[in-house]
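Structure first, then comments.
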Amino acid sequence: MSIELGHFALILAFAIALVSAIGGLLLWRRGERLALVLGHASILQFVLVAVAFLAVVQAFVASDFSLALAANHSHSLKPLIFKISGVWGNHEGSMLLWVLILVLFGALVATFGRRLPSDLTNLVLGTQSLLVAAFAGFTLLTSNPFERLSPAPLEGADLNPVLQDIGLAIHPPLLYAGYVGFSICFSFAIAALVSGRIDQAWARWVRPWTMLSWTFLTLGIAMGSYWAYYELGWGGWWFWDPVENSSFMPWLAGTALLHSALVMEKRNALKIWTIFLSIITFSLSLLGTFLVRSGILTSVHTFASDPTRGLVILTILAVLIGGAFLLFAIRSPSLRQGGLFAPISREGALILNNLFLATAVGAVLVGTLYPLLLDALTGTTISVGAPFFNFTFGALMAPLLLVLPFGPLLAWKRADLVAAGQRLMGFAALSVFLAILISALGGTSISMVPIGLLLGFWVSFGAIAEVIERSRLGRIPLGESLRRLRGLPRSIWSTALGHFGMGLTVLGIVTVSAWETELVTTLNPGETAELSGYLVAFDSFEQQPGANYVADTGVFTVTDPGGETATLLAERRTYVASGMPTTEAAIQTYGLSQLYLQLGEPLENTHVIRVWHKPYILLIWIGALVMAGAGALSLTDRRLRVGIPQRARKATAEAAQ
């Protein structure tokens with residue numbers, strides 16, 4: 001009965017969203033009464049979709065295999081956490097999660113955006129409801145998660161073993177919150193184009209939603225990277241897979257949008273650029289949804305899906321995004337550019353930042369789509385791999401990282417580049433010294449490694465320089481400097497933390513790429529191998545039963561260069577229901593570095609063992625966590641509260657008198 005209730009709730013949410021879209025987009029001038037109705041409708045949509053989602057969750061938890069989705073993607077022996085996460089480990093369930101997060105963001109705007117102008121509220125909620133209607137309708141008509149089986153099977157077919165991991169419980173919800181969260185920026189952009197309300201207040205309203213989505217997407221990408229690293233047993237943290245790229249492109253565009261909205265809020269400039277980025281960021285999110293579900297890609301990240309669904313998503317994408325860009329083309333000539341500024345200024349630095357980021361998006365987009373288009377048009381199959389992306393993306397990011405520390409030290413409107421350089425000179429010297437020292441100690445020959453290290457230290461120290469400069473540390477008494485530090489706005493701290501986190505990630509990427517070592521060998525119990533000063537002893541090999549699998553387990557003792565020992569367990573699991581194998585790598589952490597050990601397929605009389613030493617690899621994910629923390633800190637800044645600025649409220653009140 002709960003399945004039918006959930007199905008009805010989703011149908012009702014679709015109907016309410018369709019009516020709200022029509023009312024909000026056609027009657028947006030009706031004022032506060034309509035805004036109140038649309039707000040209640042948005043909250044009701046969330047409640048109904050939540051009921052639908054919980055109905056599916058209940059069927060998975062109870063192993064109700066009369067639900068086709070549970071029968072195809074669950075099993076009674078699965079642990080509870082994997083039963084729940086299995087709800088979105090498939091196409092239909094993940095689309096339901098997509099719609100749930102979409103209506104959640106609409107409900108959040110309705111709840112926390114009550115001080116927005118009523119006409120803008122009506123257009124934002126109307127556009128958001130249009131998106132809900134489109135994707136709820138797609139879910140109901142082509143990807144119905146409530147289909148029943150009669151008779152119901154006694155047991156389910158189980159979930160892909162690779163997905164039976166805590167990563168599935170964390171990565172997709174975080175990623176979708178970022179993906180789908182940018183829909184609010186898209187809705188604000190449409191509202192601005194229709195109403196003509198494109199000013200500093202609009203940028204102030206958009207920035208918190210952009211920051212929230214960007215923070216979730218940062219966490220989602222970082223979690224997905226680490227999940228693939230430890231679960232797939234390949235020892236890599238990024239592969240430039242098309243589906244990885246489809247989440248990375250919105251992140252790059254969202255980063256540009258954050259900086260562009262800042263310029264618009266502070267200087268009332270870059271209006272066209274900000275609106276364009278708001279549209280393109282969500283467009284790239286929809287493109288990622290299409291790539292994952294169209295059936296044109298074969299990847300561990302994709303859902304098995306027939307081309308018909310992909311065609312429907314492509315149609316939705318064409319209508320929504322095509323309509324948005326058509327509106328943008330019609331309205332953009334009437335937009336005024338706003339405040340003027342000199343090329344050497346903080347505005348100029350942010351524009352340069354956005355140009356590099358936008359070009360990087362284009363490079364990744366071309367490398368991702370070109371093989372697909374070539375195959376579709378000519379039947380020729382080519383592969384665009386890591387070398388292309390590493391070269392093009394690295395060439396674009398190097399100059400961006402070089403100028404990054406200058407931006408926060410430049411004044412608005414007009415700045416002195418020489419003065420900013422003088423304040424950074426000591427940190428530049430320290431960065432050069434550390435890059436040369438570490439390269440020499442690591443035994444690096446002539447290569448790009450010292451440059452990469454230099455850029456990583458430069459960005460990290462540059463972030464610290466901004467805080468030191470604002471506190472005047474070393475130039476005034478220490479107590480006064482500490483008082484200044486405590487009084488700094490949280491947005492300043494978040495900017496410094498964000499840039500510092502980027503520097504840490506760059507350092508992690510460079511060090512692990514330059515000094516990673518690998519050993520592939522065969523061992524029997526009782527034998528040993530050595531890699532980078534670490535002694536690996538193969539103690540025993542045994543078979544152990546799990547909750548819903550049988551594991552071939554290798555027990556290893558690792559002795560580090562300091563003489564400390566650790567016991568590692570590496571497994572190859574075979575799942576009972578599907579008979580599919582998975583590899584569970586053994587990972588031992590030493591500070592910021594890791595020893596990564598994989599038990600390969602058994603040969604006739606021995607076992608293949610692969611061992612990696614990955615120096616400072618954890619900096620990659622620590623840097624991402626610091627960047628996400630910077631985004632969360634920024635959201636607590638009072639200046640990012642969603643509401644009408646005091647001046648605007650005062651002017652409105654005077655006009656009313």
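Each chain in the structure tokens gets a letter, A, B and so on, in the order shown; residues start at 1 in every chain, and ligands are counted from 1 in the order they appear.
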TODO: Name the residues in contact with Ala136 of chain A at a cut-off of 9 Å, using only C-alpha atoms, excluding same-chain residues fewer than 6 positions from it; report them as JSON, numbers by chain.
DONE: {"A": [10, 11, 13, 14, 17, 95, 96, 99]}
TODO: Give me the residues within 9 Å of segment 271-282 of chain A as a ChimeraX atom specification, counting only C-alpha atoms and dropping any in the same chain fewer than 3 places off.
DONE: /A:179-190,192-193,198-199,203,210,249-254,256-261,263-264,268,285-287,321,324-325,328,332,335-338
Task: Nearest to Pro145 of chain A by atom-to-atom distance, counting only C-alpha atoms, from A:Leu635, A:Leu69, A:Val162, A:Gly113 - done: A:Leu69
Open item on the list: Give me the residues near Gly93 of chain A as an NGL selection string, where near means some atom within 9 Å (using only C-alpha atoms) and where sequence neighbours in that chain fewer than 5 positions away do not count.
Closed with: :A and (53 or 56 or 69 or 86-88 or 98 or 143-145)
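Among the candidates A:Gly233, A:Gly106, A:Pro545, A:Pro208, the one nearest to Ile609 of chain A when counting only C-alpha atoms is A:Gly233.
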Open item on the list: Can you tell me which residues surround segment 472-474 of chain A at a distance of at most 12 Å, considering only C-alpha atoms, apart from same-chain residues fewer than 4 positions away, and format the answer as an MDAnalysis selection string?
Closed with: chainID A and resid 423 464:468 478:485 488
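Nearest-residue note for Phe216 of chain A: choosing from A:Ile316, A:Ala177, A:Ala228, A:Ala15, the minimum distance belongs to A:Ala177, counting only C-alpha atoms.
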Test item: residues at most 9 Å from Ser532 of chain A, only C-alpha atoms, excluding those fewer than 4 positions along its chain, as a PDB file with N, CA and C atoms, in the first residue's frame:
```pdb
ATOM      1  N   THR A 517      55.684   5.437  -6.209  1.00  0.00           N
ATOM      2  CA  THR A 517      56.407   4.237  -6.655  1.00  0.00           C
ATOM      3  C   THR A 517      55.441   3.057  -6.643  1.00  0.00           C
ATOM      4  N   GLU A 518      55.702   2.067  -7.504  1.00  0.00           N
ATOM      5  CA  GLU A 518      54.809   0.920  -7.657  1.00  0.00           C
ATOM      6  C   GLU A 518      55.632  -0.350  -7.812  1.00  0.00           C
ATOM      7  N   PRO A 561      60.093   2.347   7.224  1.00  0.00           N
ATOM      8  CA  PRO A 561      61.538   2.614   7.369  1.00  0.00           C
ATOM      9  C   PRO A 561      61.987   2.870   8.797  1.00  0.00           C
ATOM     10  N   HIS A 613      53.453   3.129  -3.122  1.00  0.00           N
ATOM     11  CA  HIS A 613      53.728   4.117  -2.075  1.00  0.00           C
ATOM     12  C   HIS A 613      53.348   5.473  -2.639  1.00  0.00           C
TER      13      HIS A 613
END
```
- [ ] Go ahead and compute the interatomic distance for atom CA of Phe500 of chain A and atom CA of Leu174 of chain A, in Å to one decimal.
- [x] 22.4 Å
